[in-house]
Amino acid sequence: MNEFWHDAGCSFHPVSAPDYLPVPQLRQLQLHRLKTIVQRAYDHVALFRQRLDERGVAPAAIQTLGDIALLPFTVKTDLRDTYPFGLFASPMSEVVRLHASSGTTGKPIVVAYTREDLRVWASVMVRTFASCGLDRGDIVQNAYGYGLFTGGLGAHYGAEALGATVIPISGGNTDRQIMIMKDFGTTALCSTPSYFLRILERAPELGIDLRTLPLKAGIFGAEPWTDEMRKRIEEMAGIKAYDIYGLSEIIGPGVGAESKSQDGLHIFEDHFFPEIVDPKTGESLPDGEEGELVL
């Protein structure tokens, strides 16, 4: 990703170019990718093929983006009912990594990545960090958990691909987090917002004012948080707090992110198509209507 680096004084990062595609080009790309993925899922995923056949819908029926309404929903129980590998569209010989949910409510949800999946994942995480104003020269302390959880490695590879220096500290050991933040000159920290609040509580007890450190940004996700939490974090730490969004069932972190304007999440629509549906009927709703998000 080094070829995407730009002068630190520039406000636009070239990796963000896909986020500024003219709408006609974006729609054309979305339709091409939708048709491709529907055909692939039909050919390689038995449950998806069965449900399309039950509806009398062939992959060739997808001719417009509006035809997405013809497709069946995949729900969390489908992932659990086909545990562990029943929804994979690639053979295990092409799978290079497995992640999984915690499984606290039963069997974990298992997700797999091919090399191409990891390339896409890294690219959307590069765009995530760039949208939050990070670049080469930043030192990113990654306090998301590593392991089966998608957050740690998702953020790690994205920050490395951006060209930043990554500290793979993972979660916990708050005193050590604060020491490393101070000694290594951390400029951005990735964690859940609730854990960063714990860091904020502990730092004064250690005689450290986070506002005096080089830290400038917090990249927070993996749980809901409020505007009040953001305000408290920004005031106490002297940083900008950015929201990021993702879910293991889709890719992990990297589905959407805030920009430096902090005016809400932006979905990376060239890879993920957001649809708002009526939660009772499943019908697609027009722009501006409130409903349930489907990706």
# chains A, B, ... in the order shown; residues from 1 in each chain; ligands from 1

$ residues_around --residues "Gly133 of chain A" --least-positions-apart "4" --cutoff "8 Å" --atoms "only C-alpha atoms" --output "ChimeraX atom specification"
/A:129,259-260

$ select_by_dssp --residues "segment 168-284 of chain A" --states "strand (DSSP E)" --output "list in words"
Ala188, Leu189, Cys190, Ser191, Ala217, Gly218, Ile219, Phe220, Lys240, Ala241, Tyr242, Asp243, Ile244, Tyr245, Gly246, Leu247, Gly252, Pro253, Gly254, Val255, Gly256, Ala257, His266, Ile267, Glu275, Ile276 and Val277 of chain A

$ atom_distance --atom1 "atom CA of Gly151 of chain A" --atom2 "atom CA of Leu189 of chain A"
13.0 Å

$ residues_around --residues "Arg115 of chain A" --least-positions-apart "4" --cutoff "10 Å" --atoms "only C-alpha atoms" --output "list in words"
Glu94, Val95, Val96, Arg97, Arg119, Val120 and Trp121 of chain A

$ residues_around --residues "Gly154 of chain A" --least-positions-apart "3" --cutoff "9 Å" --atoms "only C-alpha atoms" --output "number ranges by chain"
A: 118, 121-122, 125, 150-151, 157-159, 251-254

$ write_last_selection --atoms "all heavy atoms" --output "tab-separated table (two decimals), in the first residue's frame"
chain	number	residue	atom	x	y	z
A	118	LEU	N	-8.79	-11.45	2.52
A	118	LEU	CA	-7.89	-10.70	3.39
A	118	LEU	C	-7.41	-9.42	2.71
A	118	LEU	O	-7.23	-8.38	3.36
A	118	LEU	CB	-6.70	-11.55	3.81
A	118	LEU	CG	-7.01	-12.75	4.73
A	118	LEU	CD1	-5.72	-13.48	5.08
A	118	LEU	CD2	-7.73	-12.30	6.00
A	121	TRP	N	-10.29	-7.04	2.99
A	121	TRP	CA	-10.43	-6.62	4.39
A	121	TRP	C	-9.39	-5.56	4.74
A	121	TRP	O	-9.70	-4.53	5.34
A	121	TRP	CB	-10.29	-7.84	5.28
A	121	TRP	CG	-10.73	-7.64	6.71
A	121	TRP	CD1	-11.42	-6.58	7.23
A	121	TRP	CD2	-10.51	-8.54	7.79
A	121	TRP	NE1	-11.65	-6.76	8.57
A	121	TRP	CE2	-11.11	-7.96	8.94
A	121	TRP	CE3	-9.89	-9.78	7.91
A	121	TRP	CZ2	-11.07	-8.58	10.18
A	121	TRP	CZ3	-9.87	-10.40	9.15
A	121	TRP	CH2	-10.45	-9.82	10.27
A	122	ALA	N	-8.13	-5.82	4.35
A	122	ALA	CA	-7.08	-4.85	4.62
A	122	ALA	C	-7.38	-3.52	3.93
A	122	ALA	O	-7.19	-2.45	4.49
A	122	ALA	CB	-5.72	-5.39	4.19
A	125	MET	N	-10.02	-1.51	5.72
A	125	MET	CA	-9.50	-0.99	6.98
A	125	MET	C	-8.51	0.15	6.73
A	125	MET	O	-8.43	1.09	7.54
A	125	MET	CB	-8.84	-2.11	7.79
A	125	MET	CG	-9.85	-3.04	8.48
A	125	MET	SD	-11.06	-2.15	9.52
A	125	MET	CE	-10.00	-1.39	10.75
A	150	THR	N	-12.53	-10.85	15.43
A	150	THR	CA	-12.05	-10.25	14.18
A	150	THR	C	-11.40	-8.89	14.37
A	150	THR	O	-10.63	-8.44	13.51
A	150	THR	CB	-13.21	-10.10	13.18
A	150	THR	OG1	-14.26	-9.33	13.79
A	150	THR	CG2	-13.75	-11.44	12.74
A	151	GLY	N	-11.70	-8.20	15.48
A	151	GLY	CA	-11.26	-6.83	15.63
A	151	GLY	C	-9.76	-6.64	15.64
A	151	GLY	O	-9.23	-5.74	14.97
A	157	TYR	N	-3.86	-5.42	10.40
A	157	TYR	CA	-3.42	-5.47	9.01
A	157	TYR	C	-3.79	-4.20	8.25
A	157	TYR	O	-3.05	-3.77	7.35
A	157	TYR	CB	-3.99	-6.71	8.32
A	157	TYR	CG	-3.26	-7.98	8.69
A	157	TYR	CD1	-3.77	-8.86	9.63
A	157	TYR	CD2	-2.02	-8.27	8.11
A	157	TYR	CE1	-3.08	-10.00	9.98
A	157	TYR	CE2	-1.33	-9.42	8.46
A	157	TYR	CZ	-1.85	-10.29	9.39
A	157	TYR	OH	-1.16	-11.41	9.74
A	158	GLY	N	-4.90	-3.58	8.61
A	158	GLY	CA	-5.27	-2.33	7.96
A	158	GLY	C	-4.30	-1.22	8.29
A	158	GLY	O	-3.88	-0.46	7.40
A	159	ALA	N	-3.92	-1.10	9.56
A	159	ALA	CA	-2.98	-0.05	9.95
A	159	ALA	C	-1.60	-0.28	9.34
A	159	ALA	O	-0.93	0.67	8.91
A	159	ALA	CB	-2.89	0.02	11.48
A	251	ILE	N	-17.52	-9.27	7.44
A	251	ILE	CA	-16.07	-9.29	7.25
A	251	ILE	C	-15.34	-9.05	8.56
A	251	ILE	O	-14.22	-9.48	8.74
A	251	ILE	CB	-15.64	-8.25	6.19
A	251	ILE	CG1	-14.22	-8.53	5.69
A	251	ILE	CG2	-15.76	-6.82	6.73
A	251	ILE	CD1	-13.81	-7.69	4.49
A	252	GLY	N	-15.99	-8.36	9.50
A	252	GLY	CA	-15.34	-7.86	10.70
A	252	GLY	C	-15.35	-6.34	10.63
A	252	GLY	O	-16.16	-5.75	9.91
A	253	PRO	N	-14.46	-5.65	11.34
A	253	PRO	CA	-14.42	-4.19	11.21
A	253	PRO	C	-14.05	-3.82	9.78
A	253	PRO	O	-13.33	-4.56	9.10
A	253	PRO	CB	-13.32	-3.80	12.20
A	253	PRO	CG	-12.46	-5.02	12.32
A	253	PRO	CD	-13.39	-6.18	12.21
A	254	GLY	N	-14.53	-2.66	9.33
A	254	GLY	CA	-14.24	-2.24	7.97
A	254	GLY	C	-15.46	-2.13	7.08
A	254	GLY	O	-15.34	-1.83	5.90
